[in-house]
$ cat my_file.pdb   # PDB, C-alpha atoms and all ligand atoms
MODEL        1
ATOM      1  CA  MET E 195     -26.868   4.737 -13.564
ATOM      2  CA  PRO E 196     -24.977   7.498 -15.406
ATOM      3  CA  THR E 197     -21.927   5.922 -17.049
ATOM      4  CA  GLU E 198     -19.652   8.885 -16.194
ATOM      5  CA  LEU E 199     -20.079   7.908 -12.535
ATOM      6  CA  LEU E 200     -18.131   4.749 -13.269
ATOM      7  CA  ASP E 201     -15.454   6.418 -15.357
ATOM      8  CA  LYS E 202     -12.298   4.748 -14.019
ATOM      9  CA  LYS E 203      -9.711   6.514 -16.140
ATOM     10  CA  GLU E 204      -6.553   6.953 -14.082
ATOM     11  CA  ALA E 205      -6.616  10.768 -14.282
ATOM     12  CA  ARG E 206     -10.195  10.954 -13.032
ATOM     13  CA  ILE E 207      -9.627   8.501 -10.170
ATOM     14  CA  ARG E 208      -6.438  10.283  -9.081
ATOM     15  CA  ARG E 209      -8.175  13.674  -9.222
ATOM     16  CA  MET E 210     -11.149  12.348  -7.267
ATOM     17  CA  PHE E 211      -9.033  10.946  -4.417
ATOM     18  CA  GLY E 212      -6.851  14.052  -4.439
ATOM     19  CA  GLN E 213      -9.955  16.173  -3.924
ATOM     20  CA  ILE E 214     -11.432  14.156  -1.069
ATOM     21  CA  ALA E 215      -8.085  13.581   0.703
ATOM     22  CA  PRO E 216      -8.712  16.264   3.385
ATOM     23  CA  TRP E 217     -12.016  14.596   4.269
ATOM     24  CA  TYR E 218     -11.072  11.003   3.622
ATOM     25  CA  ASP E 219     -10.306   9.736   7.144
ATOM     26  CA  PHE E 220     -13.118  11.619   8.816
ATOM     27  CA  LEU E 221     -15.737  10.444   6.307
ATOM     28  CA  ASN E 222     -14.392   6.900   6.228
ATOM     29  CA  HIS E 223     -14.819   6.491   9.964
ATOM     30  CA  LEU E 224     -18.151   8.358  10.067
ATOM     31  CA  LEU E 225     -19.800   6.587   7.136
ATOM     32  CA  SER E 226     -18.622   3.149   8.237
ATOM     33  CA  LEU E 227     -19.498   3.890  11.886
ATOM     34  CA  ASN E 228     -15.813   3.194  12.653
ATOM     35  CA  ILE E 229     -16.105  -0.422  11.509
ATOM     36  CA  ASP E 230     -13.388   0.169   8.903
ATOM     37  CA  LYS E 231     -10.801   0.316  11.705
ATOM     38  CA  ARG E 232     -11.875  -3.098  12.974
ATOM     39  CA  TRP E 233     -11.711  -4.527   9.433
ATOM     40  CA  ARG E 234      -8.089  -3.404   9.082
ATOM     41  CA  ASP E 235      -7.160  -4.798  12.528
ATOM     42  CA  ARG E 236      -8.820  -8.085  11.640
ATOM     43  CA  THR E 237      -6.934  -8.215   8.362
ATOM     44  CA  ALA E 238      -3.621  -7.844  10.184
ATOM     45  CA  ARG E 239      -4.661 -10.584  12.635
ATOM     46  CA  LEU E 240      -5.812 -13.035   9.945
ATOM     47  CA  VAL E 241      -2.870 -12.314   7.644
ATOM     48  CA  PRO E 242      -0.156 -11.510  10.175
ATOM     49  CA  PRO E 243       3.182 -10.084   9.121
ATOM     50  CA  GLY E 244       6.063 -12.548   9.089
ATOM     51  CA  PRO E 245       9.487 -11.860  10.591
ATOM     52  CA  ALA E 246      11.599  -9.014   9.191
ATOM     53  CA  SER E 247      13.959 -11.621   7.716
ATOM     54  CA  ALA E 248      11.148 -12.664   5.326
ATOM     55  CA  GLY E 249      11.401  -9.259   3.605
ATOM     56  CA  PRO E 250       9.446  -5.997   3.509
ATOM     57  CA  MET E 251       5.705  -5.658   2.902
ATOM     58  CA  LEU E 252       3.786  -3.466   0.473
ATOM     59  CA  ASP E 253       0.431  -1.815   1.086
ATOM     60  CA  LEU E 254      -0.902  -0.817  -2.308
ATOM     61  CA  CYS E 255      -3.467   1.977  -2.816
ATOM     62  CA  THR E 256      -2.504   2.913   0.718
ATOM     63  CA  GLY E 257      -4.405   6.213   0.680
ATOM     64  CA  THR E 258      -3.785   7.914   4.015
ATOM     65  CA  GLY E 259      -1.795   4.884   5.150
ATOM     66  CA  ASP E 260      -4.181   3.305   7.658
ATOM     67  CA  LEU E 261      -3.507  -0.326   6.746
ATOM     68  CA  ALA E 262       0.251   0.255   6.469
ATOM     69  CA  LEU E 263       0.241   1.756   9.975
ATOM     70  CA  THR E 264      -1.995  -1.048  11.289
ATOM     71  CA  TYR E 265       0.660  -3.513  10.070
ATOM     72  CA  ASP E 266       3.430  -1.436  11.622
ATOM     73  CA  ARG E 267       1.701  -1.846  14.990
ATOM     74  CA  ALA E 268       1.025  -5.550  14.367
ATOM     75  CA  ALA E 269       4.719  -6.097  13.640
ATOM     76  CA  ASN E 270       5.757  -4.055  16.688
ATOM     77  CA  GLY E 271       7.731  -1.796  14.418
ATOM     78  CA  ALA E 272       9.991  -4.639  13.298
ATOM     79  CA  LEU E 273       9.080  -4.598   9.610
ATOM     80  CA  SER E 274      10.009  -2.377   6.723
ATOM     81  CA  ILE E 275       6.732  -1.289   5.072
ATOM     82  CA  VAL E 276       6.112   0.494   1.793
ATOM     83  CA  GLY E 277       2.805   2.283   1.200
ATOM     84  CA  ALA E 278       2.103   3.089  -2.458
ATOM     85  CA  ASP E 279      -0.563   5.262  -4.057
ATOM     86  CA  PHE E 280      -0.857   7.577  -7.048
ATOM     87  CA  ALA E 281      -2.761  10.384  -5.299
ATOM     88  CA  HIS E 282      -0.164  12.794  -3.958
ATOM     89  CA  GLU E 283      -2.565  14.501  -1.513
ATOM     90  CA  MET E 284      -3.384  11.154   0.110
ATOM     91  CA  LEU E 285       0.312  10.348   0.565
ATOM     92  CA  VAL E 286       0.994  13.744   2.164
ATOM     93  CA  ARG E 287      -1.527  12.818   4.850
ATOM     94  CA  ALA E 288      -0.153   9.295   5.137
ATOM     95  CA  ALA E 289       3.360  10.648   5.759
ATOM     96  CA  LEU E 290       2.075  13.063   8.427
ATOM     97  CA  LYS E 291       0.269  10.226  10.211
ATOM     98  CA  SER E 292       3.307   7.991  10.003
ATOM     99  CA  ASP E 293       5.461  10.767  11.468
ATOM    100  CA  LYS E 294       2.992  11.305  14.280
ATOM    101  CA  ALA E 295       2.985   7.579  15.054
ATOM    102  CA  GLY E 296       6.802   7.605  15.203
ATOM    103  CA  ALA E 297       6.884   5.179  12.264
ATOM    104  CA  ALA E 298       8.517   7.411   9.627
ATOM    105  CA  ALA E 299      11.776   5.438   9.634
ATOM    106  CA  ARG E 300       9.976   2.140   8.958
ATOM    107  CA  VAL E 301       6.992   3.080   6.805
ATOM    108  CA  GLN E 302       7.939   4.743   3.514
ATOM    109  CA  PHE E 303       5.495   6.087   0.949
ATOM    110  CA  VAL E 304       5.953   5.872  -2.808
ATOM    111  CA  GLU E 305       3.883   7.696  -5.444
ATOM    112  CA  CYS E 306       3.145   5.292  -8.293
ATOM    113  CA  ASP E 307       0.458   3.574 -10.341
ATOM    114  CA  ALA E 308      -0.652   0.142  -9.120
ATOM    115  CA  GLN E 309      -0.614  -1.071 -12.728
ATOM    116  CA  ALA E 310       3.120  -0.376 -13.207
ATOM    117  CA  LEU E 311       4.898  -0.822  -9.905
ATOM    118  CA  PRO E 312       8.478   0.493  -9.628
ATOM    119  CA  PHE E 313       9.619  -2.575  -7.639
ATOM    120  CA  ALA E 314      11.653  -5.596  -8.677
ATOM    121  CA  ASP E 315      10.057  -9.049  -9.056
ATOM    122  CA  ASN E 316       9.836 -11.141  -5.855
ATOM    123  CA  THR E 317      10.472  -8.283  -3.408
ATOM    124  CA  PHE E 318       7.738  -8.418  -0.741
ATOM    125  CA  GLN E 319       6.720 -11.114   1.778
ATOM    126  CA  LEU E 320       3.190  -9.683   1.806
ATOM    127  CA  VAL E 321       1.258  -7.357  -0.483
ATOM    128  CA  THR E 322      -2.001  -5.870   0.805
ATOM    129  CA  ILE E 323      -4.639  -3.637  -0.738
ATOM    130  CA  SER E 324      -7.674  -2.339   1.148
ATOM    131  CA  PHE E 325     -10.605  -0.725  -0.646
ATOM    132  CA  GLY E 326      -8.255   0.019  -3.515
ATOM    133  CA  LEU E 327      -8.517  -2.741  -6.129
ATOM    134  CA  ARG E 328     -12.046  -1.655  -7.098
ATOM    135  CA  ASN E 329     -10.635   1.697  -8.175
ATOM    136  CA  VAL E 330      -7.729   0.430 -10.254
ATOM    137  CA  THR E 331      -8.546   1.045 -13.929
ATOM    138  CA  ASP E 332      -7.425  -2.420 -15.064
ATOM    139  CA  MET E 333      -7.788  -4.522 -11.942
ATOM    140  CA  ASP E 334      -6.386  -7.689 -13.554
ATOM    141  CA  LYS E 335      -3.231  -5.788 -14.452
ATOM    142  CA  GLY E 336      -3.104  -4.475 -10.877
ATOM    143  CA  LEU E 337      -3.444  -8.021  -9.517
ATOM    144  CA  ARG E 338      -0.706  -9.330 -11.822
ATOM    145  CA  GLU E 339       1.598  -6.540 -10.646
ATOM    146  CA  MET E 340       0.868  -7.431  -7.022
ATOM    147  CA  VAL E 341       1.751 -11.055  -7.721
ATOM    148  CA  ARG E 342       4.904 -10.111  -9.657
ATOM    149  CA  VAL E 343       6.399  -8.147  -6.734
ATOM    150  CA  THR E 344       5.440 -10.793  -4.140
ATOM    151  CA  LYS E 345       8.109 -13.316  -3.135
ATOM    152  CA  PRO E 346       7.398 -16.957  -4.033
ATOM    153  CA  GLY E 347       5.487 -18.385  -1.060
ATOM    154  CA  GLY E 348       4.439 -14.848  -0.044
ATOM    155  CA  ARG E 349       0.824 -13.722   0.350
ATOM    156  CA  VAL E 350      -1.470 -11.245  -1.346
ATOM    157  CA  ALA E 351      -4.378  -9.907   0.742
ATOM    158  CA  VAL E 352      -7.269  -7.954  -0.751
ATOM    159  CA  LEU E 353      -9.793  -6.262   1.548
ATOM    160  CA  GLU E 354     -12.706  -4.947  -0.474
ATOM    161  CA  PHE E 355     -16.389  -4.108  -0.207
ATOM    162  CA  SER E 356     -18.773  -6.897  -1.155
ATOM    163  CA  LYS E 357     -22.544  -7.227  -1.348
ATOM    164  CA  PRO E 358     -24.223  -8.803   1.717
ATOM    165  CA  ARG E 359     -25.922 -12.074   0.816
ATOM    166  CA  ASN E 360     -28.668 -11.817   3.433
ATOM    167  CA  ARG E 361     -31.768 -10.462   1.639
ATOM    168  CA  VAL E 362     -33.108  -8.206   4.403
ATOM    169  CA  LEU E 363     -29.722  -6.856   5.313
ATOM    170  CA  GLY E 364     -28.824  -6.542   1.664
ATOM    171  CA  ARG E 365     -31.814  -4.245   1.089
ATOM    172  CA  LEU E 366     -31.058  -2.113   4.128
ATOM    173  CA  TYR E 367     -27.458  -1.845   3.054
ATOM    174  CA  LEU E 368     -28.424  -0.929  -0.498
ATOM    175  CA  TRP E 369     -30.645   1.856   0.793
ATOM    176  CA  TYR E 370     -27.885   3.198   3.015
ATOM    177  CA  PHE E 371     -25.307   2.822   0.296
ATOM    178  CA  ARG E 372     -27.375   4.255  -2.535
ATOM    179  CA  TYR E 373     -29.079   7.142  -0.807
ATOM    180  CA  LEU E 374     -27.761   8.116   2.639
ATOM    181  CA  LEU E 375     -24.021   7.631   2.115
ATOM    182  CA  PRO E 376     -23.788   9.588  -1.174
ATOM    183  CA  LEU E 377     -25.871  12.396   0.327
ATOM    184  CA  VAL E 378     -23.789  12.799   3.494
ATOM    185  CA  GLY E 379     -20.474  12.187   1.695
ATOM    186  CA  GLN E 380     -21.239  14.638  -1.078
ATOM    187  CA  LEU E 381     -22.525  17.331   1.286
ATOM    188  CA  LEU E 382     -19.459  17.166   3.506
ATOM    189  CA  SER E 383     -16.710  16.617   0.935
ATOM    190  CA  ARG E 384     -18.281  18.736  -1.869
ATOM    191  CA  SER E 385     -16.401  16.445  -4.258
ATOM    192  CA  LYS E 386     -16.578  17.783  -7.814
ATOM    193  CA  GLU E 387     -16.090  14.243  -9.111
ATOM    194  CA  SER E 388     -19.111  12.932  -7.152
ATOM    195  CA  ALA E 389     -16.822  10.594  -5.218
ATOM    196  CA  TYR E 390     -19.553   9.489  -2.848
ATOM    197  CA  ARG E 391     -21.909   8.629  -5.700
ATOM    198  CA  TYR E 392     -19.073   6.814  -7.435
ATOM    199  CA  LEU E 393     -18.481   4.703  -4.301
ATOM    200  CA  PRO E 394     -21.776   2.724  -4.293
ATOM    201  CA  ALA E 395     -21.778   2.526  -8.093
ATOM    202  CA  SER E 396     -18.279   1.045  -8.116
ATOM    203  CA  VAL E 397     -19.068  -1.461  -5.362
ATOM    204  CA  LEU E 398     -22.274  -2.682  -6.990
ATOM    205  CA  GLN E 399     -20.538  -3.517 -10.268
ATOM    206  CA  PHE E 400     -17.396  -5.026  -8.702
ATOM    207  CA  PRO E 401     -16.907  -8.826  -8.587
ATOM    208  CA  ASP E 402     -17.082 -10.354  -5.120
ATOM    209  CA  TYR E 403     -16.676 -13.719  -3.372
ATOM    210  CA  GLU E 404     -15.919 -16.550  -5.868
ATOM    211  CA  ALA E 405     -15.796 -14.140  -8.823
ATOM    212  CA  LEU E 406     -12.984 -12.082  -7.299
ATOM    213  CA  ALA E 407     -11.229 -15.202  -5.993
ATOM    214  CA  ASP E 408     -11.220 -16.490  -9.597
ATOM    215  CA  ARG E 409      -9.609 -13.271 -10.834
ATOM    216  CA  MET E 410      -6.910 -13.666  -8.162
ATOM    217  CA  ARG E 411      -6.255 -17.243  -9.311
ATOM    218  CA  ALA E 412      -6.067 -16.041 -12.914
ATOM    219  CA  ALA E 413      -3.428 -13.510 -11.819
ATOM    220  CA  GLY E 414      -1.235 -16.372 -10.572
ATOM    221  CA  LEU E 415      -2.261 -16.983  -6.956
ATOM    222  CA  THR E 416      -3.003 -20.351  -5.385
ATOM    223  CA  ASP E 417      -4.838 -21.423  -2.225
ATOM    224  CA  VAL E 418      -7.166 -18.449  -2.572
ATOM    225  CA  THR E 419      -9.622 -18.193   0.314
ATOM    226  CA  PHE E 420     -12.043 -15.492   1.358
ATOM    227  CA  GLU E 421     -13.736 -14.474   4.576
ATOM    228  CA  PRO E 422     -16.715 -12.089   4.726
ATOM    229  CA  PHE E 423     -16.610  -9.424   7.467
ATOM    230  CA  THR E 424     -19.720  -7.870   9.075
ATOM    231  CA  PHE E 425     -22.398  -9.840   7.159
ATOM    232  CA  GLY E 426     -20.394  -9.555   3.946
ATOM    233  CA  ILE E 427     -20.257  -5.771   3.726
ATOM    234  CA  ALA E 428     -16.528  -6.256   3.255
ATOM    235  CA  THR E 429     -14.568  -9.404   2.426
ATOM    236  CA  LEU E 430     -10.939 -10.350   2.923
ATOM    237  CA  TYR E 431      -9.409 -12.438   0.111
ATOM    238  CA  VAL E 432      -6.025 -14.093   0.552
ATOM    239  CA  GLY E 433      -3.866 -15.944  -1.963
ATOM    240  CA  VAL E 434      -0.362 -17.359  -2.038
ATOM    241  CA  LYS E 435       2.228 -16.907  -4.771
ATOM    242  CA  GLU E 436       3.394 -20.316  -5.842
ATOM    243  CA  ARG E 437       7.012 -21.261  -5.244
ATOM    244  CA  ALA E 438       8.853 -22.048  -8.459
ATOM    245  CA  SER E 439       8.733 -25.841  -8.999
ATOM    246  CA  GLY E 440      11.809 -27.478  -7.557
ATOM    247  CA  ALA E 441      12.386 -24.602  -5.106
ATOM    248  CA  THR E 442      12.122 -25.202  -1.384
TER     249      THR E 442
HETATM  250  C1  LIG N 501     -10.749   4.099  -1.187
HETATM  251  S1  LIG N 501      -9.062   4.553  -1.074
HETATM  252  C2  LIG N 501      -8.424   3.338   0.023
HETATM  253  C3  LIG N 501      -7.309   3.848   0.891
HETATM  254  C4  LIG N 501      -6.818   2.929   1.988
HETATM  255  N1  LIG N 501      -6.223   1.712   1.466
HETATM  256  C5  LIG N 501      -7.891   2.614   2.998
HETATM  257  O1  LIG N 501      -8.060   1.438   3.340
HETATM  258  O2  LIG N 501      -8.548   3.542   3.470
HETATM  259  C6  LIG N 501      -8.436   4.040  -2.650
HETATM  260  C7  LIG N 501      -7.041   4.543  -2.934
HETATM  261  O3  LIG N 501      -6.588   3.886  -4.114
HETATM  262  C8  LIG N 501      -5.779   4.791  -4.843
HETATM  263  N2  LIG N 501      -5.698   4.314  -6.225
HETATM  264  C9  LIG N 501      -6.715   4.070  -7.081
HETATM  265  N3  LIG N 501      -6.247   3.634  -8.264
HETATM  266  C10 LIG N 501      -4.893   3.607  -8.152
HETATM  267  C11 LIG N 501      -3.848   3.227  -9.032
HETATM  268  N4  LIG N 501      -4.092   2.811 -10.280
HETATM  269  N5  LIG N 501      -2.577   3.299  -8.595
HETATM  270  C12 LIG N 501      -2.310   3.730  -7.329
HETATM  271  N6  LIG N 501      -3.251   4.103  -6.457
HETATM  272  C13 LIG N 501      -4.544   4.042  -6.859
HETATM  273  C14 LIG N 501      -6.470   6.124  -4.671
HETATM  274  O4  LIG N 501      -5.620   7.202  -4.933
HETATM  275  C15 LIG N 501      -6.927   6.047  -3.205
HETATM  276  O5  LIG N 501      -6.001   6.617  -2.343
ENDMDL
END
$ encode --input "my_file.pdb" --output "structure tokens"
Amino acid sequence: MPTELLDKKEARIRRMFGQIAPWYDFLNHLLSLNIDKRWRDRTARLVPPGPASAGPMLDLCTGTGDLALTYDRAANGALSIVGADFAHEMLVRAALKSDKAGAAARVQFVECDAQALPFADNTFQLVTISFGLRNVTDMDKGLREMVRVTKPGGRVAVLEFSKPRNRVLGRLYLWYFRYLLPLVGQLLSRSKESAYRYLPASVLQFPDYEALADRMRAAGLTDVTFEPFTFGIATLYVGVKERASGAT
């Protein structure tokens, strides 16, 4: 596998997502056969938003804002939601979608790096990240930042691709992921950064299941659990930020 495919320097990742932004939603839904929408809905059902009084929520690496807007619907518009990403072109589309959904007053978008968040400690009741952590240059730093801005007792939810454990399905998936998806994605998006060859490469080398749960624990989360979706093609990981000892 050419090593430049897995070059995760911030500038390259930002440029890559900036370039595919116009195609991102269309290709996401096409290449996942629309399953990605169900994964986001399921995430919001399994990790539901709390009441507005518990504080705002943050959707990190929000891209075109799909998970942030899924949570806006799940909360019936009662929650203040921040979507953060460092690719400007993605956020432009996120803001348009939020406007169209009538959510602009509740869902705000902030351009920033996941490894240095411009938010105070203990701000959010819930911090989510879907299909983003894999792309963050230093994912442990990203995780620690997520934990830092989460309120004590609040939750961190990571939705990310994983490798199916079933052997037959795993092979089928690998074929689709290695050959068909990069071909279709590259042809349609004409990404100069080979974004759709980067995608399978980045998933195959990314920790999943217990390995990722361990990294979340190392970042300061407790009660970390994970639930595979659709035969383990994606997995939802959830952890809780410990309350300071002596606090109620
Ligand atoms: C695959 S997209 C996922 C978008 C969206 N969450 C979804 O579920 O479709 C990954 C996003 O992560 C963003 N990203 C990657 N590294 C980042 C970083 N260090 N800081 C902020 N955003 C980052 C990219 O710009 C891109 O929009």
$ residues_around --input "my_file.pdb" --residues "Pro216 (chain E)" --least-positions-apart "4" --cutoff "9 Å" --atoms "all atoms listed in the file" --output "list in words"
Gly212, Phe220, Glu283, Met284, Arg287 and Ser383 of chain E
$ residues_around --input "my_file.pdb" --residues "Phe425 (chain E)" --least-positions-apart "5" --cutoff "9 Å" --atoms "all atoms listed in the file" --output "ChimeraX atom specification"
/E:357-360,363
$ atom_distance --input "my_file.pdb" --atom1 "CA of Glu354 (chain E)" --atom2 "CA of Leu366 (chain E)"
19.1 Å
$ residues_near_ligand --input "my_file.pdb" --ligand "ligand LIG 501 (chain N)" --cutoff "7 Å" --atoms "all atoms listed in the file" --output "CSV table (one decimal) with C-alpha atoms, in the coordinates of the input"
chain,number,residue,atom,x,y,z
E,204,GLU,CA,-6.6,7.0,-14.1
E,207,ILE,CA,-9.6,8.5,-10.2
E,208,ARG,CA,-6.4,10.3,-9.1
E,211,PHE,CA,-9.0,10.9,-4.4
E,212,GLY,CA,-6.9,14.1,-4.4
E,254,LEU,CA,-0.9,-0.8,-2.3
E,255,CYS,CA,-3.5,2.0,-2.8
E,256,THR,CA,-2.5,2.9,0.7
E,257,GLY,CA,-4.4,6.2,0.7
E,258,THR,CA,-3.8,7.9,4.0
E,259,GLY,CA,-1.8,4.9,5.2
E,260,ASP,CA,-4.2,3.3,7.7
E,261,LEU,CA,-3.5,-0.3,6.7
E,278,ALA,CA,2.1,3.1,-2.5
E,279,ASP,CA,-0.6,5.3,-4.1
E,280,PHE,CA,-0.9,7.6,-7.0
E,281,ALA,CA,-2.8,10.4,-5.3
E,284,MET,CA,-3.4,11.2,0.1
E,306,CYS,CA,3.1,5.3,-8.3
E,307,ASP,CA,0.5,3.6,-10.3
E,308,ALA,CA,-0.7,0.1,-9.1
E,309,GLN,CA,-0.6,-1.1,-12.7
E,323,ILE,CA,-4.6,-3.6,-0.7
E,324,SER,CA,-7.7,-2.3,1.1
E,325,PHE,CA,-10.6,-0.7,-0.6
E,326,GLY,CA,-8.3,0.0,-3.5
E,329,ASN,CA,-10.6,1.7,-8.2
E,330,VAL,CA,-7.7,0.4,-10.3
E,331,THR,CA,-8.5,1.0,-13.9
$ residues_around --input "my_file.pdb" --residues "Ala407 (chain E)" --least-positions-apart "4" --cutoff "7 Å" --atoms "all atoms listed in the file" --output "list in words"
Tyr403, Arg411, Val418 and Tyr431 of chain E
$ closest_residue --input "my_file.pdb" --among "E:Leu263, E:Leu240, E:Ala412, E:Val341" --to "Phe318 (chain E)" --atoms "all atoms listed in the file"
E:Val341
$ residues_around --input "my_file.pdb" --residues "Ala248 (chain E)" --least-positions-apart "4" --cutoff "10 Å" --atoms "only C-alpha atoms" --output "list in words"
Pro243, Gly244, Leu273, Thr317, Phe318, Gln319, Leu320, Lys345 and Gly348 of chain E
$ atom_distance --input "my_file.pdb" --atom1 "CA of Ile275 (chain E)" --atom2 "CA of Gln302 (chain E)"
6.3 Å
$ closest_residue --input "my_file.pdb" --among "E:Lys202, E:Gly433, E:Asn270, E:Ile229" --to "Ser396 (chain E)" --atoms "only C-alpha atoms"
E:Lys202
$ atom_distance --input "my_file.pdb" --atom1 "CA of Phe400 (chain E)" --atom2 "CA of Ser356 (chain E)"
7.9 Å
$ resolve_selection --input "my_file.pdb" --expression "the PyMOL selection byres (((chain E and resi 388) around 12) and not hetatm)" --output "NGL selection string"
:E and (196 or 198-201 or 206-207 or 209-211 or 213-214 or 375-387 or 389-396)
